[in-house]
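Source file coords.cif; content: mmCIF, C-alpha atoms and all ligand atoms.
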data_run
#
loop_
_atom_site.label_atom_id
_atom_site.label_comp_id
_atom_site.auth_asym_id
_atom_site.auth_seq_id
_atom_site.Cartn_x
_atom_site.Cartn_y
_atom_site.Cartn_z
CA MET A 223 93.72 102.06 35.23
CA SER A 224 95.11 100.94 31.88
CA ALA A 225 92.92 98.86 29.62
CA ASN A 226 94.39 95.70 30.97
CA HIS A 227 95.28 96.31 34.52
CA LEU A 228 93.47 97.16 37.69
CA GLN A 229 94.80 98.44 41.00
CA SER A 230 93.69 96.90 44.24
CA ASN A 231 94.92 97.34 47.81
CA GLY A 232 98.65 97.54 47.18
CA TYR A 233 98.77 95.09 44.28
CA ASN A 234 97.85 94.93 40.62
CA VAL A 235 95.44 92.66 38.80
CA TYR A 236 96.65 91.89 35.27
CA PHE A 237 94.48 90.61 32.46
CA GLU A 238 95.16 88.43 29.43
CA GLU A 239 98.48 89.03 27.68
CA GLN A 240 99.81 90.90 30.69
CA LEU A 241 100.62 87.51 32.17
CA ASP A 242 104.08 88.04 30.76
CA SER A 243 104.73 90.70 33.40
CA LEU A 244 104.83 87.87 35.92
CA LEU A 245 108.42 87.01 35.08
CA PRO A 246 109.89 90.50 35.68
CA LEU A 247 107.88 90.65 38.89
CA ILE A 248 109.46 87.41 40.09
CA GLU A 249 112.91 88.57 39.07
CA ALA A 250 112.45 91.87 40.88
CA GLY A 251 111.43 89.97 44.02
CA LYS A 252 114.80 88.13 44.10
CA TYR A 253 113.08 85.09 45.56
CA SER A 254 115.16 82.29 47.05
CA LYS A 255 112.73 79.71 45.69
CA VAL A 256 109.51 79.66 43.68
CA PHE A 257 106.74 77.14 44.30
CA VAL A 258 103.70 76.59 42.11
CA LEU A 259 100.70 75.12 43.92
CA VAL A 260 98.30 73.16 41.72
CA ASP A 261 95.64 70.53 42.17
CA ARG A 262 95.59 67.40 40.03
CA ASN A 263 93.29 69.01 37.45
CA THR A 264 95.11 72.29 37.15
CA GLU A 265 98.40 70.43 36.93
CA GLU A 266 96.99 68.60 33.91
CA HIS A 267 95.08 71.46 32.26
CA CYS A 268 96.58 74.75 33.44
CA LEU A 269 100.25 74.08 34.10
CA PRO A 270 100.96 73.44 30.38
CA VAL A 271 99.21 76.72 29.50
CA PHE A 272 101.12 78.48 32.27
CA ARG A 273 104.42 77.06 30.97
CA SER A 274 103.62 78.00 27.39
CA LEU A 275 102.73 81.55 28.37
CA LEU A 276 105.88 81.85 30.48
CA PRO A 277 108.51 79.75 28.72
CA ASP A 278 111.35 81.53 30.51
CA LEU A 279 110.07 80.66 33.96
CA VAL A 280 111.76 77.32 34.50
CA ASP A 281 113.09 77.20 37.99
CA PHE A 282 110.20 76.27 40.25
CA ASP A 283 108.99 73.36 42.36
CA ILE A 284 105.47 72.03 42.04
CA ILE A 285 103.26 71.27 45.02
CA GLU A 286 100.22 69.20 44.09
CA ILE A 287 97.06 68.69 46.13
CA ASP A 288 93.87 66.68 45.54
CA PRO A 289 91.13 68.73 43.88
CA GLY A 290 87.85 69.64 45.54
CA GLU A 291 86.31 71.64 48.34
CA GLU A 292 86.45 68.60 50.64
CA ASN A 293 90.23 68.98 50.63
CA LYS A 294 90.27 72.65 51.56
CA ASN A 295 91.14 71.81 55.12
CA ILE A 296 93.88 71.84 57.72
CA ASP A 297 95.18 68.38 56.73
CA PHE A 298 96.01 69.53 53.21
CA CYS A 299 97.36 72.76 54.57
CA ILE A 300 99.79 70.84 56.76
CA GLY A 301 100.79 68.93 53.63
CA ILE A 302 101.62 72.23 51.90
CA TRP A 303 103.61 73.55 54.88
CA ARG A 304 105.44 70.20 55.14
CA THR A 305 106.40 70.29 51.47
CA LEU A 306 107.59 73.90 51.77
CA VAL A 307 109.83 72.88 54.67
CA ASP A 308 111.10 69.73 52.94
CA PHE A 309 111.95 71.67 49.78
CA GLY A 310 113.87 74.32 51.69
CA ALA A 311 111.44 77.25 51.59
CA ASP A 312 112.44 80.27 53.63
CA ARG A 313 111.06 83.77 54.26
CA ARG A 314 112.21 84.90 50.80
CA SER A 315 110.29 82.18 48.95
CA LEU A 316 107.30 82.76 46.69
CA VAL A 317 104.19 80.65 46.22
CA ILE A 318 102.21 80.94 42.97
CA ASN A 319 98.71 79.56 43.36
CA LEU A 320 97.55 78.17 40.02
CA GLY A 321 94.02 76.89 40.28
CA GLY A 322 90.44 77.50 41.25
CA GLY A 323 89.24 79.07 44.48
CA VAL A 324 90.27 76.06 46.54
CA VAL A 325 93.89 76.37 45.44
CA THR A 326 93.98 80.18 45.63
CA ASP A 327 92.24 80.32 49.05
CA MET A 328 94.19 77.51 50.68
CA GLY A 329 97.50 78.37 48.99
CA ALA A 330 97.14 81.98 50.09
CA PHE A 331 96.28 80.87 53.62
CA ALA A 332 99.25 78.51 53.74
CA ALA A 333 101.60 81.22 52.41
CA SER A 334 100.23 83.96 54.65
CA THR A 335 100.88 81.87 57.76
CA PHE A 336 104.10 80.07 56.77
CA MET A 337 106.99 81.69 58.69
CA ARG A 338 104.51 84.45 59.60
CA GLY A 339 103.80 85.14 55.96
CA ILE A 340 105.65 84.75 52.66
CA ASP A 341 104.84 86.29 49.30
CA PHE A 342 102.25 84.72 47.03
CA ILE A 343 100.78 85.39 43.59
CA GLN A 344 97.29 84.38 42.51
CA VAL A 345 96.64 82.86 39.08
CA PRO A 346 92.95 81.88 39.26
CA THR A 347 91.90 79.35 36.63
CA THR A 348 88.13 79.00 37.05
CA LEU A 349 85.56 81.62 36.15
CA LEU A 350 84.48 81.73 39.81
CA SER A 351 87.95 82.28 41.18
CA GLN A 352 88.69 84.90 38.51
CA VAL A 353 85.59 87.01 39.09
CA ASP A 354 85.37 86.55 42.83
CA ALA A 355 88.25 84.97 44.77
CA SER A 356 90.85 86.97 42.83
CA VAL A 357 90.54 90.28 44.71
CA GLY A 358 89.73 91.14 48.29
CA GLY A 359 92.58 89.55 50.22
CA LYS A 360 90.58 86.83 51.94
CA THR A 361 92.34 83.51 52.43
CA GLY A 362 90.94 80.49 54.15
CA ILE A 363 90.14 76.87 54.77
CA ASP A 364 87.01 75.03 55.92
CA MET A 365 86.49 73.17 59.15
CA GLU A 366 83.97 70.40 58.50
CA GLU A 367 80.72 72.08 57.39
CA LEU A 368 81.97 75.56 58.33
CA LYS A 369 83.15 77.24 55.19
CA ASN A 370 86.20 79.51 55.39
CA ILE A 371 85.93 79.58 59.17
CA ILE A 372 89.72 79.68 59.53
CA GLY A 373 91.61 82.28 57.52
CA THR A 374 93.51 85.51 57.25
CA PHE A 375 93.35 88.77 55.39
CA ALA A 376 96.47 88.83 53.25
CA ASN A 377 97.14 90.55 49.95
CA PRO A 378 98.95 88.83 47.12
CA LYS A 379 101.91 90.41 45.32
CA ALA A 380 99.81 90.36 42.15
CA VAL A 381 96.91 88.60 40.43
CA PHE A 382 96.96 87.34 36.84
CA ILE A 383 93.72 86.60 35.04
CA SER A 384 93.77 84.94 31.64
CA SER A 385 90.80 83.53 29.76
CA GLN A 386 93.16 81.01 28.18
CA PHE A 387 92.85 78.87 31.30
CA LEU A 388 89.09 78.65 30.92
CA ASN A 389 89.06 76.56 27.73
CA THR A 390 89.17 73.31 29.70
CA LEU A 391 86.47 74.27 32.16
CA ASN A 392 83.24 72.26 32.00
CA ARG A 393 79.84 73.89 31.73
CA GLU A 394 79.04 73.25 35.37
CA GLN A 395 82.06 75.29 36.42
CA TRP A 396 81.17 78.11 34.03
CA VAL A 397 77.69 78.24 35.47
CA SER A 398 79.08 78.28 39.00
CA GLY A 399 81.18 81.37 38.28
CA PHE A 400 78.29 82.99 36.46
CA ALA A 401 76.35 83.14 39.75
CA GLU A 402 78.91 85.53 41.23
CA MET A 403 78.85 87.67 38.09
CA LEU A 404 75.07 87.96 38.35
CA LYS A 405 75.52 88.85 42.01
CA HIS A 406 77.92 91.67 41.18
CA GLY A 407 75.31 93.08 38.80
CA LEU A 408 72.47 92.63 41.28
CA ILE A 409 74.20 94.48 44.09
CA GLN A 410 75.95 97.22 42.11
CA ASP A 411 75.25 97.51 38.42
CA ALA A 412 71.76 96.95 37.02
CA ALA A 413 72.84 97.36 33.37
CA TYR A 414 75.49 94.67 33.82
CA PHE A 415 72.90 92.30 35.35
CA HIS A 416 70.45 92.89 32.49
CA ARG A 417 73.23 92.27 29.96
CA LEU A 418 74.35 89.05 31.65
CA LYS A 419 70.88 87.62 32.11
CA GLU A 420 70.49 87.34 28.33
CA MET A 421 73.90 85.77 27.75
CA GLU A 422 74.91 82.22 26.98
CA MET A 423 77.99 80.89 28.76
CA GLU A 424 79.96 80.84 25.48
CA GLU A 425 79.46 84.57 25.11
CA ILE A 426 81.24 85.48 28.34
CA SER A 427 84.47 87.20 27.41
CA ILE A 428 87.36 88.74 29.28
CA GLN A 429 85.51 92.09 29.19
CA GLU A 430 82.68 90.75 31.34
CA ILE A 431 85.18 89.02 33.61
CA GLN A 432 87.18 92.20 34.01
CA HIS A 433 84.03 94.20 34.72
CA SER A 434 83.06 91.80 37.47
CA VAL A 435 86.51 92.03 39.06
CA GLN A 436 86.29 95.80 38.83
CA LEU A 437 82.89 95.89 40.56
CA LYS A 438 84.13 93.70 43.39
CA ASN A 439 87.37 95.66 43.61
CA GLU A 440 85.51 98.95 44.06
CA VAL A 441 83.82 97.50 47.12
CA VAL A 442 86.81 95.80 48.74
CA MET A 443 89.02 98.85 48.21
CA GLN A 444 86.59 100.92 50.27
CA ASP A 445 86.18 98.35 53.00
CA PRO A 446 88.98 95.76 52.97
CA LYS A 447 88.18 94.23 56.37
CA GLU A 448 84.41 93.89 55.88
CA LEU A 449 83.43 96.35 58.57
CA GLY A 450 80.54 97.75 56.52
CA LEU A 451 80.02 98.12 52.78
CA ARG A 452 81.87 94.91 51.85
CA LYS A 453 79.04 92.96 53.45
CA ILE A 454 76.91 93.61 50.35
CA LEU A 455 79.06 90.99 48.60
CA ASN A 456 77.43 88.46 50.90
CA PHE A 457 74.14 88.77 49.07
CA GLY A 458 72.93 85.21 48.47
CA HIS A 459 75.63 83.80 50.69
CA THR A 460 73.95 83.50 54.11
CA ILE A 461 71.53 80.87 52.82
CA GLY A 462 73.90 79.82 50.02
CA HIS A 463 76.73 78.92 52.39
CA ALA A 464 74.39 76.94 54.62
CA ILE A 465 73.17 74.90 51.66
CA GLU A 466 76.70 74.39 50.40
CA GLY A 467 77.85 73.34 53.88
CA TYR A 468 74.91 70.97 54.26
CA PHE A 469 75.65 69.21 50.97
CA LEU A 470 79.33 69.00 51.86
CA MET A 471 78.52 67.16 55.10
CA HIS A 472 75.41 65.14 54.33
CA SER A 473 75.11 64.41 50.67
CA ASN A 474 76.86 62.27 48.11
CA SER A 475 75.78 64.61 45.35
CA HIS A 476 78.12 67.56 45.27
CA LEU A 477 76.84 71.09 44.95
CA LEU A 478 79.11 73.77 43.56
CA HIS A 479 79.57 77.09 45.37
CA GLY A 480 77.84 79.06 42.62
CA GLU A 481 74.94 76.61 42.49
CA ALA A 482 74.39 77.06 46.22
CA VAL A 483 74.70 80.85 45.89
CA ALA A 484 72.11 80.78 43.09
CA VAL A 485 69.61 79.21 45.52
CA GLY A 486 70.68 81.70 48.18
CA MET A 487 70.15 84.67 45.86
CA ILE A 488 66.59 83.59 45.07
CA CYS A 489 65.75 83.11 48.75
CA GLU A 490 67.40 86.36 49.73
CA ALA A 491 65.72 88.24 46.88
CA TYR A 492 62.46 86.98 48.37
CA LEU A 493 63.53 88.38 51.76
CA SER A 494 64.53 91.62 50.01
CA SER A 495 61.04 91.97 48.62
CA LYS A 496 59.56 91.38 52.05
CA TYR A 497 61.87 93.67 54.02
CA ASN A 498 63.91 95.94 51.78
CA GLY A 499 61.54 97.36 49.19
CA LEU A 500 62.59 95.12 46.28
CA SER A 501 59.69 95.24 43.84
CA LYS A 502 57.73 92.14 42.85
CA ASN A 503 58.83 92.74 39.27
CA ASP A 504 62.49 92.69 40.27
CA LEU A 505 61.92 89.53 42.34
CA TYR A 506 60.29 87.87 39.35
CA ASP A 507 63.07 89.00 37.02
CA ILE A 508 65.77 87.71 39.38
CA THR A 509 64.02 84.38 39.95
CA LYS A 510 63.49 83.88 36.21
CA SER A 511 67.02 84.91 35.24
CA ILE A 512 68.63 82.59 37.77
CA THR A 513 66.43 79.57 37.04
CA ARG A 514 67.08 80.05 33.31
CA VAL A 515 70.67 79.00 33.92
CA PHE A 516 70.59 77.10 37.22
CA GLN A 517 68.54 73.94 37.61
CA THR A 518 66.40 74.06 40.71
CA ILE A 519 67.90 72.02 43.55
CA GLN A 520 65.65 69.64 45.48
CA LEU A 521 65.50 70.98 49.01
CA ASN A 522 62.50 68.90 50.03
CA LYS A 523 64.48 66.36 52.00
CA ILE A 524 66.55 68.98 53.77
CA SER A 525 65.10 70.26 57.01
CA ASP A 526 65.00 73.99 57.54
CA ASP A 527 66.32 73.52 61.06
CA ALA A 528 69.47 71.80 59.81
CA LEU A 529 70.18 74.75 57.50
CA ILE A 530 69.37 77.30 60.18
CA GLU A 531 71.70 75.54 62.59
CA ILE A 532 74.53 76.08 60.09
CA MET A 533 73.48 79.71 59.55
CA LEU A 534 73.65 80.34 63.28
CA LYS A 535 77.39 79.59 63.15
CA ASP A 536 77.96 81.95 60.23
CA LYS A 537 80.76 84.50 60.49
CA LYS A 538 78.37 87.24 59.33
CA ASN A 539 76.20 87.01 62.45
CA GLU A 540 76.25 89.50 65.25
CA GLN A 541 75.07 88.71 68.76
CA SER A 542 73.76 85.38 67.49
CA GLN A 543 71.39 87.02 65.02
CA ILE A 544 71.55 85.84 61.41
CA GLY A 545 72.84 88.61 59.16
CA PHE A 546 71.86 89.30 55.54
CA ALA A 547 72.70 91.62 52.69
CA LEU A 548 69.47 92.47 50.87
CA LEU A 549 68.60 94.20 47.61
CA LYS A 550 66.73 97.50 47.49
CA GLN A 551 66.37 97.14 43.75
CA ILE A 552 68.32 95.43 40.99
CA GLY A 553 71.72 97.15 41.11
CA GLU A 554 71.55 98.32 44.72
CA ALA A 555 72.03 96.51 48.02
CA SER A 556 72.22 97.24 51.73
CA TYR A 557 73.65 95.23 54.62
CA ASN A 558 73.15 94.47 58.30
CA HIS A 559 69.66 93.07 58.05
CA PHE A 560 69.06 90.62 60.87
CA LEU A 561 66.13 88.28 60.34
CA GLY A 562 64.42 85.58 62.34
CA THR A 563 64.13 81.89 61.57
CA GLU A 564 60.46 82.07 60.45
CA ASP A 565 61.41 84.45 57.65
CA ILE A 566 64.25 82.22 56.57
CA LYS A 567 61.89 79.23 56.42
CA GLU A 568 59.43 81.26 54.37
CA SER A 569 62.15 82.15 51.86
CA LEU A 570 63.20 78.49 51.57
CA ASN A 571 59.58 77.62 50.86
CA TYR A 572 59.46 80.30 48.16
CA TYR A 573 62.37 78.49 46.52
CA ARG A 574 60.83 75.02 47.01
CA GLN A 575 57.63 75.98 45.22
CA LEU A 576 59.61 76.82 42.08
CA SER A 577 60.26 73.18 41.26
N1 LIG B 1 88.69 84.34 48.75
C1 LIG B 1 87.54 84.75 48.28
O1 LIG B 1 87.20 85.94 48.33
C2 LIG B 1 86.61 83.76 47.64
C3 LIG B 1 85.54 84.21 46.88
C4 LIG B 1 84.74 83.28 46.26
C5 LIG B 1 84.96 81.93 46.42
N2 LIG B 1 86.00 81.51 47.18
C6 LIG B 1 86.26 80.08 47.36
O2 LIG B 1 86.52 79.49 46.09
C7 LIG B 1 86.18 78.10 46.15
C8 LIG B 1 85.42 77.73 44.92
O3 LIG B 1 86.20 78.02 43.78
P1 LIG B 1 86.19 77.12 42.47
O4 LIG B 1 84.82 76.91 42.01
O5 LIG B 1 87.19 77.70 41.57
O6 LIG B 1 86.64 75.71 43.06
P2 LIG B 1 87.81 74.69 42.76
O7 LIG B 1 89.13 75.27 43.04
O8 LIG B 1 87.44 73.47 43.49
O9 LIG B 1 87.73 74.43 41.18
C9 LIG B 1 86.67 73.71 40.64
C10 LIG B 1 87.16 72.47 39.86
O10 LIG B 1 87.71 72.89 38.64
C11 LIG B 1 89.02 72.35 38.48
N3 LIG B 1 89.73 73.30 37.67
C12 LIG B 1 90.27 74.48 38.05
N4 LIG B 1 90.71 75.15 36.98
C13 LIG B 1 90.45 74.40 35.89
C14 LIG B 1 90.64 74.59 34.50
N5 LIG B 1 91.14 75.71 34.03
N6 LIG B 1 90.27 73.59 33.67
C15 LIG B 1 89.70 72.47 34.15
N7 LIG B 1 89.46 72.24 35.44
C16 LIG B 1 89.83 73.21 36.32
C17 LIG B 1 89.51 72.14 39.87
O11 LIG B 1 90.52 71.17 39.94
C18 LIG B 1 88.25 71.70 40.58
O12 LIG B 1 88.03 70.33 40.36
C19 LIG B 1 85.39 77.92 47.43
O13 LIG B 1 86.21 77.26 48.34
C20 LIG B 1 85.10 79.33 47.89
O14 LIG B 1 85.01 79.43 49.29
C21 LIG B 1 86.82 82.40 47.78
ZN ZN B 2 80.71 83.38 46.60
#

Would you write the structure of this file as structure tokens?
Amino acid sequence: MSANHLQSNGYNVYFEEQLDSLLPLIEAGKYSKVFVLVDRNTEEHCLPVFRSLLPDLVDFDIIEIDPGEENKNIDFCIGIWRTLVDFGADRRSLVINLGGGVVTDMGAFAASTFMRGIDFIQVPTTLLSQVDASVGGKTGIDMEELKNIIGTFANPKAVFISSQFLNTLNREQWVSGFAEMLKHGLIQDAAYFHRLKEMEMEEISIQEIQHSVQLKNEVVMQDPKELGLRKILNFGHTIGHAIEGYFLMHSNSHLLHGEAVAVGMICEAYLSSKYNGLSKNDLYDITKSITRVFQTIQLNKISDDALIEIMLKDKKNEQSQIGFALLKQIGEASYNHFLGTEDIKESLNYYRQLS
């Protein structure tokens, strides 16, 4: 690995100034047409940066979608496919996804299924999509409250990560991405977690971002299809996804992915201390470090049963048992823990008593 580039499963991840290798890559691909998928916000904030970094890339069509998780669905996907058809896309066309995880997940899904799969390049523009959605080859869309229930495994031609896109990101979005960085430390790298837990958002630099991508990459390279080890990346996500799904369906107040994962990590750290040997000290440290940055969410009005109902439909389950990745200690995780509903309720109550 050079200082600025990382190898994943058959594609490279480029950082910072290496964005200028995008143009030769496109030229080498001899694409019939190039499309850039954006949402309204990334069209306003990121497309100008993209153009300024790549002034010689002029010949592309823009596909614009509405921003937000609520639009990561089949209706918008049909819109993308329709536009590709109307603008004359063929099997030799390229889609560049310029946006947060919604754009990169849905754009990759649309590309990986269009004409049985055309090339795509990921240019993630939120902290969350840079540190998490950027590697691993998962594409997807939601179906009502079921997050990423429809999707494919498909690798991009390349990924380009530049901190220059992050200047326009609001604090909420920084915090959301920070949850996944903390997770990468918690499951794999204690020193990284302890470094991050002291940091202010403004101090996060491309080095920390790159380290997070590297940690995730090490896992997905070993287990691309999530048959084993990759499941550790789901730490915080069994309960986190249920909370995120619940808010998506039932609440006017929106909850970001990372905010939901932050709640999930606290609950699942509690379960780790009950079932996987996580020490009380580590549980306390994790709870304190997460609540330092993430406001506690009011779960009082949400019934446990409603959340458990969502968890029962989770992709991570086996034989209708709810599956978890749990911590052994800060920096080490294990997977395939199947727990009952009483334990889940107990962990939600641990979280509730924090506020
Ligand atoms: N494929 C994977 O492995 C993977 C991993 C983690 C998360 N995800 C998915 O990622 C999604 C969440 O990602 P997200 O938080 O990036 O969501 P997002 O794409 O909705 O982006 C968040 C908001 O920020 C705006 N935005 C994006 N870039 C901006 C910029 N540079 N400046 C200003 N505004 C900007 C977007 O328009 C949006 O309103 C979820 O759907 C989740 O399932 C996928
Ligand atoms: Zn996540």

Expected selection as a VMD selection string for ligand ZN 2 (chain B) within 7 Å, all atoms listed in the file: chain A and resid 354 402 459 479 to 480 483

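Using all atoms listed in the file, the smallest distance between any of A:Leu388, A:Ile524, A:Leu418, A:Ile508 and ligand LIG 1 (chain B) comes from A:Leu388.
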
Per residue of chain A within 6 Å of ligand LIG 1 (chain B), which atom pair is closest and at what distance in Å (one decimal), using all atoms listed in the file, listed by chain and increasing number, as a Markdown table?
| residue | atom | partner | partner_atom | distance |
| --- | --- | --- | --- | --- |
| A:Asp261 | CA | B:LIG1 | O11 | 5.6 |
| A:Asn263 | CA | B:LIG1 | O11 | 4.3 |
| A:Thr264 | CA | B:LIG1 | N4 | 5.3 |
| A:His267 | CA | B:LIG1 | N6 | 5.4 |
| A:Cys268 | CA | B:LIG1 | N5 | 5.6 |
| A:Pro289 | CA | B:LIG1 | O11 | 4.7 |
| A:Gly290 | CA | B:LIG1 | O8 | 4.4 |
| A:Glu291 | CA | B:LIG1 | O8 | 5.3 |
| A:Gly321 | CA | B:LIG1 | C12 | 5.0 |
| A:Gly322 | CA | B:LIG1 | O7 | 3.1 |
| A:Gly323 | CA | B:LIG1 | O2 | 3.2 |
| A:Val324 | CA | B:LIG1 | O7 | 3.8 |
| A:Val325 | CA | B:LIG1 | O7 | 5.4 |
| A:Asp327 | CA | B:LIG1 | N1 | 5.4 |
| A:Thr347 | CA | B:LIG1 | N4 | 4.4 |
| A:Thr348 | CA | B:LIG1 | N4 | 4.6 |
| A:Leu350 | CA | B:LIG1 | O5 | 5.2 |
| A:Ser351 | CA | B:LIG1 | O5 | 4.7 |
| A:Asp354 | CA | B:LIG1 | C3 | 4.7 |
| A:Ala355 | CA | B:LIG1 | C3 | 3.5 |
| A:Gly358 | CA | B:LIG1 | O1 | 5.8 |
| A:Lys360 | CA | B:LIG1 | N1 | 4.5 |
| A:Thr361 | CA | B:LIG1 | N1 | 5.2 |
| A:Phe387 | CA | B:LIG1 | N5 | 4.5 |
| A:Leu388 | CA | B:LIG1 | N5 | 4.7 |
| A:Thr390 | CA | B:LIG1 | N6 | 4.1 |
| A:Leu391 | CA | B:LIG1 | N6 | 4.1 |
| A:His479 | CA | B:LIG1 | C8 | 5.9 |

Could you list, as a PyMOL selection string, every residue within 7 Å of range 489-505 of chain A, counting all atoms listed in the file and ignoring same-chain residues fewer than 6 positions away? chain A and resi 458+548-552+569-570+572-573

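Nearest to Gly545 in chain A of all the residues A:Thr326, A:Asn456, A:Asn377, A:Asn474 is A:Asn456, based on all atoms listed in the file.
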
Would you kindly identify which residues have an atom no farther than 7 Å from (98.0, 94.6, 34.7), using only C-alpha atoms and the file's own coordinates, and write them out as a VMD selection string? chain A and resid 226 to 228 234 to 237 240

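The smallest atom-to-atom distance between Ala401 in chain A and any of A:Val271, A:Val256, A:Val485, A:Leu247, using all atoms listed in the file, is found for A:Val485.
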
For Asp526 in chain A, which residue among A:Leu478, A:Cys299, A:Leu561, A:Ile465 is the nearest when counting only C-alpha atoms? A:Ile465

Axis-aligned box over every listed atom of range 305-315 of chain A, padded by 6 Å per side: centre and edges in Å to one decimal, as lines of an AutoDock Vina configuration file?
center_x = 110.1
center_y = 77.3
center_z = 51.8
size_x = 19.5
size_y = 27.2
size_z = 17.7

If we count all atoms listed in the file and set the cut-off at 10 Å, which residues sit around Lys252 in chain A, ignoring sequence neighbours fewer than 6 positions away in its own chain? Please answer as a ChimeraX atom specification. /A:314-316

Written selection (C-alpha atoms) as a PDB file, in the coordinates of the input:
ATOM      1  CA  ARG A 314     112.210  84.900  50.800  1.00  0.00           C
ATOM      2  CA  SER A 315     110.290  82.180  48.950  1.00  0.00           C
ATOM      3  CA  LEU A 316     107.300  82.760  46.690  1.00  0.00           C
TER       4      LEU A 316
END

Please produce range 518-531 of chain A, completed to N, CA and C atoms, as a compact mmCIF listing (two decimals), keeping the file's coordinate frame.
# COMPACT_ATOMS: atom_id res chain seq x y z
N THR A 518 66.82 73.95 39.31
CA THR A 518 66.40 74.06 40.71
C THR A 518 66.87 72.82 41.49
N ILE A 519 67.35 73.08 42.69
CA ILE A 519 67.90 72.02 43.55
C ILE A 519 66.75 71.51 44.43
N GLN A 520 66.69 70.20 44.61
CA GLN A 520 65.65 69.64 45.48
C GLN A 520 66.00 69.88 46.95
N LEU A 521 65.23 70.72 47.59
CA LEU A 521 65.50 70.98 49.01
C LEU A 521 64.48 70.27 49.89
N ASN A 522 63.60 69.48 49.26
CA ASN A 522 62.50 68.90 50.03
C ASN A 522 62.95 68.01 51.18
N LYS A 523 64.04 67.29 50.95
CA LYS A 523 64.48 66.36 52.00
C LYS A 523 65.37 67.03 53.04
N ILE A 524 65.67 68.30 52.82
CA ILE A 524 66.55 68.98 53.77
C ILE A 524 65.69 69.78 54.75
N SER A 525 65.94 69.54 56.04
CA SER A 525 65.10 70.26 57.01
C SER A 525 65.62 71.68 57.18
N ASP A 526 64.65 72.59 57.33
CA ASP A 526 65.00 73.99 57.54
C ASP A 526 65.89 74.14 58.76
N ASP A 527 65.57 73.37 59.80
CA ASP A 527 66.32 73.52 61.06
C ASP A 527 67.79 73.18 60.88
N ALA A 528 68.06 72.17 60.04
CA ALA A 528 69.47 71.80 59.81
C ALA A 528 70.21 72.95 59.15
N LEU A 529 69.54 73.61 58.19
CA LEU A 529 70.18 74.75 57.50
C LEU A 529 70.34 75.93 58.45
N ILE A 530 69.31 76.16 59.26
CA ILE A 530 69.37 77.30 60.18
C ILE A 530 70.47 77.09 61.23
N GLU A 531 70.62 75.84 61.63
CA GLU A 531 71.70 75.54 62.59
C GLU A 531 73.07 75.95 62.01
